[in-house]
Structures are given as structure tokens and as C-alpha cells.
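As provided, start.pdb (PDB, C-alpha atoms and all ligand atoms) reads as follows.
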ATOM      1  CA  MET A   1      76.347   4.486   4.277
ATOM      2  CA  THR A   2      79.077   2.450   2.726
ATOM      3  CA  GLN A   3      81.116  -0.037   4.685
ATOM      4  CA  ASP A   4      84.057   2.355   4.619
ATOM      5  CA  GLN A   5      82.048   5.222   6.089
ATOM      6  CA  LYS A   6      80.767   2.959   8.846
ATOM      7  CA  THR A   7      84.271   1.883   9.729
ATOM      8  CA  THR A   8      85.497   5.485   9.750
ATOM      9  CA  SER A   9      82.691   6.703  11.978
ATOM     10  CA  SER A  10      83.100   3.893  14.480
ATOM     11  CA  LEU A  11      86.846   4.555  14.574
ATOM     12  CA  ILE A  12      86.132   8.200  15.383
ATOM     13  CA  VAL A  13      83.802   7.216  18.212
ATOM     14  CA  ILE A  14      86.385   4.840  19.666
ATOM     15  CA  ALA A  15      89.110   7.472  19.422
ATOM     16  CA  PHE A  16      86.952  10.013  21.267
ATOM     17  CA  ALA A  17      86.021   7.572  24.002
ATOM     18  CA  PHE A  18      89.696   6.762  24.443
ATOM     19  CA  ILE A  19      90.777  10.400  24.683
ATOM     20  CA  ILE A  20      88.028  11.249  27.139
ATOM     21  CA  SER A  21      88.750   8.302  29.420
ATOM     22  CA  ILE A  22      92.511   8.996  29.458
ATOM     23  CA  GLY A  23      91.921  12.674  30.118
ATOM     24  CA  SER A  24      89.477  12.231  32.991
ATOM     25  CA  CYS A  25      91.462   9.511  34.765
ATOM     26  CA  SER A  26      94.765  11.301  34.762
ATOM     27  CA  HIS A  27      93.215  14.540  36.014
ATOM     28  CA  MET A  28      91.248  12.915  38.785
ATOM     29  CA  PHE A  29      94.108  11.057  40.393
ATOM     30  CA  LYS A  30      97.592  12.249  39.678
ATOM     31  CA  THR A  31     100.247  10.266  41.502
ATOM     32  CA  PRO A  32     103.104  11.933  43.374
ATOM     33  CA  TYR A  33     106.771  11.770  42.456
ATOM     34  CA  ILE A  34     108.361   9.121  44.676
ATOM     35  CA  ASP A  35     112.058   8.889  45.403
ATOM     36  CA  PRO A  36     113.345   5.467  44.279
ATOM     37  CA  ALA A  37     114.659   4.788  47.823
ATOM     38  CA  LEU A  38     111.089   5.033  49.139
ATOM     39  CA  LYS A  39     109.382   3.222  46.292
ATOM     40  CA  PRO A  40     109.275  -0.253  47.950
ATOM     41  CA  ALA A  41     107.810   1.231  51.159
ATOM     42  CA  PHE A  42     105.270   3.243  49.201
ATOM     43  CA  ASP A  43     104.290   0.219  47.107
ATOM     44  CA  GLU A  44     103.698  -1.753  50.280
ATOM     45  CA  TRP A  45     101.463   1.007  51.642
ATOM     46  CA  VAL A  46      99.491   1.002  48.380
ATOM     47  CA  ASN A  47      99.268  -2.778  48.516
ATOM     48  CA  GLN A  48      97.912  -2.739  52.050
ATOM     49  CA  CYS A  49      95.367  -0.070  51.113
ATOM     50  CA  GLU A  50      94.187  -2.187  48.197
ATOM     51  CA  LEU A  51      94.014  -5.348  50.318
ATOM     52  CA  ARG A  52      91.812  -3.499  52.795
ATOM     53  CA  GLY A  53      89.606  -1.884  50.174
ATOM     54  CA  ILE A  54      90.841   1.651  50.939
ATOM     55  CA  LYS A  55      90.533   4.004  47.974
ATOM     56  CA  TYR A  56      93.848   5.689  48.731
ATOM     57  CA  LYS A  57      94.135   7.596  45.445
ATOM     58  CA  ARG A  58      91.764  10.281  46.655
ATOM     59  CA  ASP A  59      93.851  10.660  49.801
ATOM     60  CA  ILE A  60      97.159  11.295  48.060
ATOM     61  CA  VAL A  61      95.888  13.572  45.328
ATOM     62  CA  ASN A  62      97.310  16.649  47.100
ATOM     63  CA  ILE A  63     100.746  15.168  47.668
ATOM     64  CA  ASP A  64     103.034  16.067  44.789
ATOM     65  CA  SER A  65     106.280  14.547  45.970
ATOM     66  CA  ILE A  66     107.688  12.047  48.439
ATOM     67  CA  LEU A  67     111.368  12.742  48.891
ATOM     68  CA  PHE A  68     114.353  11.107  50.545
ATOM     69  CA  ALA A  69     116.289  14.259  51.381
ATOM     70  CA  PRO A  70     118.139  15.954  54.255
ATOM     71  CA  LEU A  71     116.018  17.365  57.092
ATOM     72  CA  GLU A  72     117.108  19.179  60.220
ATOM     73  CA  GLU A  73     118.297  17.003  63.068
ATOM     74  CA  GLY A  74     115.657  15.577  65.352
ATOM     75  CA  TYR A  75     113.231  14.462  62.662
ATOM     76  CA  TRP A  76     112.898  11.125  60.927
ATOM     77  CA  GLY A  77     110.427  12.625  58.523
ATOM     78  CA  LYS A  78     108.014  15.459  57.962
ATOM     79  CA  CYS A  79     104.738  15.967  56.214
ATOM     80  CA  TYR A  80     104.200  19.418  54.715
ATOM     81  CA  GLY A  81     100.742  18.849  53.336
ATOM     82  CA  ASP A  82     101.736  18.587  49.688
ATOM     83  CA  LYS A  83     105.135  17.034  50.276
ATOM     84  CA  ILE A  84     106.636  14.313  52.449
ATOM     85  CA  VAL A  85     110.326  14.299  53.278
ATOM     86  CA  VAL A  86     112.078  11.350  54.900
ATOM     87  CA  ASN A  87     115.398  12.322  56.465
ATOM     88  CA  LYS A  88     118.325  11.122  54.402
ATOM     89  CA  ASN A  89     120.763  12.249  57.110
ATOM     90  CA  ASP A  90     119.380   9.857  59.696
ATOM     91  CA  ILE A  91     118.160   6.789  57.848
ATOM     92  CA  SER A  92     120.224   4.512  55.668
ATOM     93  CA  PRO A  93     118.698   3.861  52.234
ATOM     94  CA  ILE A  94     119.053   0.114  52.886
ATOM     95  CA  ASP A  95     117.205   0.245  56.206
ATOM     96  CA  GLN A  96     113.934  -0.790  54.577
ATOM     97  CA  PHE A  97     112.037  -1.217  57.833
ATOM     98  CA  THR A  98     112.735   2.262  59.222
ATOM     99  CA  LEU A  99     111.997   3.813  55.828
ATOM    100  CA  LYS A 100     108.663   2.001  55.812
ATOM    101  CA  LEU A 101     107.797   2.930  59.402
ATOM    102  CA  VAL A 102     108.547   6.607  58.815
ATOM    103  CA  LEU A 103     106.795   6.725  55.449
ATOM    104  CA  PHE A 104     103.666   5.048  56.857
ATOM    105  CA  HIS A 105     103.735   7.568  59.727
ATOM    106  CA  GLU A 106     103.981  10.563  57.391
ATOM    107  CA  LEU A 107     101.352   9.184  55.017
ATOM    108  CA  GLY A 108      99.227   8.719  58.127
ATOM    109  CA  HIS A 109      99.328  12.492  58.581
ATOM    110  CA  CYS A 110      99.399  13.675  54.951
ATOM    111  CA  ALA A 111      97.063  11.148  53.337
ATOM    112  CA  PHE A 112      94.791   9.917  56.124
ATOM    113  CA  GLY A 113      94.724  13.037  58.319
ATOM    114  CA  TYR A 114      95.809  11.073  61.394
ATOM    115  CA  PRO A 115      96.963  12.858  64.518
ATOM    116  CA  HIS A 116      99.551  11.335  66.826
ATOM    117  CA  PHE A 117      98.542   8.444  69.055
ATOM    118  CA  GLU A 118     100.493   7.950  72.242
ATOM    119  CA  TRP A 119      98.706   4.971  73.719
ATOM    120  CA  GLY A 120     101.319   2.207  73.636
ATOM    121  CA  GLU A 121     103.390   1.364  70.563
ATOM    122  CA  ASP A 122     101.790   2.838  67.479
ATOM    123  CA  ILE A 123     102.938   3.823  63.981
ATOM    124  CA  MET A 124     101.547   7.260  64.839
ATOM    125  CA  ASN A 125     103.564   7.721  68.051
ATOM    126  CA  SER A 126     104.996  11.244  68.044
ATOM    127  CA  VAL A 127     108.361   9.860  69.063
ATOM    128  CA  LEU A 128     109.806   6.761  67.448
ATOM    129  CA  PRO A 129     113.053   6.191  69.356
ATOM    130  CA  GLN A 130     115.882   4.487  67.515
ATOM    131  CA  GLU A 131     116.354   1.845  70.210
ATOM    132  CA  LYS A 132     112.698   0.816  69.983
ATOM    133  CA  ILE A 133     112.565   0.345  66.211
ATOM    134  CA  ILE A 134     113.050  -3.370  66.778
ATOM    135  CA  VAL A 135     109.869  -3.483  68.886
ATOM    136  CA  TYR A 136     107.884  -1.835  66.088
ATOM    137  CA  GLN A 137     109.353  -4.351  63.680
ATOM    138  CA  TYR A 138     108.407  -7.278  65.915
ATOM    139  CA  PHE A 139     104.803  -6.125  66.295
ATOM    140  CA  TRP A 140     104.473  -4.773  62.755
ATOM    141  CA  GLY A 141     101.461  -6.921  61.823
ATOM    142  CA  ILE A 142      99.416  -5.628  64.770
ATOM    143  CA  LEU A 143     100.614  -2.044  64.353
ATOM    144  CA  GLU A 144      99.719  -2.084  60.684
ATOM    145  CA  ASP A 145      96.232  -3.438  61.447
ATOM    146  CA  GLN A 146      95.531  -0.741  64.004
ATOM    147  CA  TYR A 147      96.880   1.919  61.644
ATOM    148  CA  PHE A 148      94.510   0.970  58.811
ATOM    149  CA  TYR A 149      91.655   0.191  61.164
ATOM    150  CA  ARG A 150      91.401   3.895  62.025
ATOM    151  CA  TYR A 151      90.971   4.918  58.422
ATOM    152  CA  LEU A 152      88.146   7.321  57.607
ATOM    153  CA  THR A 153      87.240   8.597  54.177
ATOM    154  CA  LYS A 154      87.662  12.320  53.517
ATOM    155  CA  LYS A 155      83.921  12.755  53.850
ATOM    156  CA  GLU A 156      83.827  10.998  57.219
ATOM    157  CA  ARG A 157      86.789  13.104  58.366
ATOM    158  CA  ARG A 158      85.008  16.314  57.444
ATOM    159  CA  LYS A 159      81.968  15.205  59.412
ATOM    160  CA  LEU A 160      84.112  14.407  62.427
ATOM    161  CA  GLN A 161      85.906  17.750  62.119
ATOM    162  CA  LYS A 162      82.601  19.580  62.103
ATOM    163  CA  ARG A 163      81.438  17.703  65.158
ATOM    164  CA  LEU A 164      84.635  18.550  66.988
ATOM    165  CA  GLU A 165      84.361  22.216  66.028
ATOM    166  CA  LYS A 166      80.860  22.286  67.411
ATOM    167  CA  GLN A 167      82.205  20.984  70.674
ATOM    168  CA  ASP A 168      84.935  23.650  70.621
ATOM    169  CA  CYS A 169      87.590  21.036  70.387
ATOM    170  CA  PHE A 170      90.533  21.937  68.184
ATOM    171  CA  CYS A 171      92.613  19.148  69.496
ATOM    172  CA  ILE A 172      94.051  17.059  66.809
ATOM    173  CA  LEU A 173      93.124  17.201  63.199
ATOM    174  CA  ASP A 174      95.115  20.153  61.918
ATOM    175  CA  GLU A 175      98.501  19.278  63.190
ATOM    176  CA  ASP A 176     101.187  19.268  60.559
ATOM    177  CA  LYS A 177     104.560  19.912  62.106
ATOM    178  CA  LEU A 178     105.545  16.711  63.681
ATOM    179  CA  GLN A 179     108.484  15.616  65.611
ATOM    180  CA  VAL A 180     109.131  11.971  65.053
ATOM    181  CA  LYS A 181     112.354  11.452  66.836
ATOM    182  CA  GLU A 182     113.713  12.345  70.243
ATOM    183  CA  SER A 183     116.415  14.953  69.855
ATOM    184  CA  ASN A 184     119.274  14.193  72.155
TER     185      ASN A 184
HETATM  186 ZN    ZN A 201     104.030  12.633  63.279
END

Could I get this file's structure written as C-alpha cells?
Amino acid sequence: MTQDQKTTSSLIVIAFAFIISIGSCSHMFKTPYIDPALKPAFDEWVNQCELRGIKYKRDIVNIDSILFAPLEEGYWGKCYGDKIVVNKNDISPIDQFTLKLVLFHELGHCAFGYPHFEWGEDIMNSVLPQEKIIVYQYFWGILEDQYFYRYLTKKERRKLQKRLEKQDCFCILDEDKLQVKESN
């Protein structure tokens, strides 16, 4: 082989390796479209996942968009399985804390498969009343810890689901229509 042929063949190998790695990565973990208004909140969620060693990419692979759009009255946000909507009618785009609270809540359902938790203040409370937002903000560090502390991988969730089915308990894991705000 001449020097030229060697160079050409190694270039071909490198090109193939490159194409294959690009192809497999982008298919395995596509990222959802995220409305710019929700980008800072989403980035913080990602950051917290990474800090805690949570491989979140697998958990959001079925979500194709995260939107800041109008929802019917009575909801801060909703998780539809493949889509999260945060209610533009009720939250100001500059209210970064409420956007974050609601987005974490909906990602709790859509990405982590969390049900509601009603024991004391919790990001996953089914009702997050406007007048108590300040309390959630004050205790955010603790709330965030307890939110991520509950994390289970998809595999662990499936195991748990099976165990619950065996016990005839259909309590919590399949819920998807979630009221987040008291309608008054
Ligand atoms: Zn909810």
C-alpha cells in the first residue's frame, strides 16, 4: 500500500465511525421542542438531574414538545404523555419561579411517572394554590430534594407497577389528567 492509499483508507474508517456515532446518538435520545419562556426552568431541571446522577434523557424521550400556551381555566399546567403545556393565560412569562414549579410538577408526571403527593407541601401536590406559591419558593431546596429523592429508573418503575398489579392496586401510576390549581 502506498502512503496515499493508507491515508485514504483511514479517512474512510474515520468518516464511517463518525456517521455511525452521530446516527445512533440522535436516534436514541431526541430532545423535545421547548418554548423559550420555559427554557431556563427546563435547563435547571436538567442541571439538577445531572448533579444527582439521574440519566434523564431516557425519561424524556417520549416527550416531543414543552409548550407555553393557553389551557382551560383551573390548570397551571398539564402533561399529556408526549406533550407538556404550561398555561400562558395564568402565569406571567417573567414569573420564573411559578414557571419552574409547574414545569417540575409536569415533568414529574411525564418524565418520572410520579403520582400526586398530598403529604404536606410538595412539588407534586395536586393543588398548588396561588397564595401558597411563596411557601414553595421559601422551601424550594427541601422540596427539590424530596422530588428527586423519589426518582426511580424506568426499569424500577416497571417492577413496582408489576408488584402493584399483583396486589390489585391500580392506585397511582397511570394518572395523567391532573388538576394543578384550585378553580374558584
Ligand atoms: Zn399533577

Return the single residue from A:Gln167, A:Gln48, A:Asn62, A:Ser126 that is closest to ligand ZN 201 (chain A), with distances computed using all atoms listed in the file.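 Distance minimum relative to ligand ZN 201 (chain A) lands on A:Ser126.
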
Can you tell me, as AutoDock Vina command-line options, the centre and edge lengths (Å, one decimal) of the axis-aligned box enclosing all of stretch 43-46 of chain A's listed atoms after padding each side by 5 Å?
--center_x 101.9 --center_y -0.4 --center_z 49.4 --size_x 14.8 --size_y 12.8 --size_z 14.5

Starting from the displayed file, determine the output of the PyMOL selection byres (((chain A and resi 134-141) around 12) and not hetatm) and express the residue list as an MDAnalysis selection string. chainID A and resid 48 95:102 104 120:125 128:133 142:148

Any chance you could resolve the PyMOL selection byres (((chain A and resi 37) around 7) and not hetatm) against this file and give the residues as a count of residues only? 6

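Going from atom CA of A:Lys57 to atom CA of A:Pro32 covers 10.2 Å.
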
In Å to one decimal, how far is atom CA of A:Lys55 from atom CA of A:Phe29?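 Straight-line distance from atom CA of A:Phe29 to atom CA of A:Lys55 works out to 11.0 Å.
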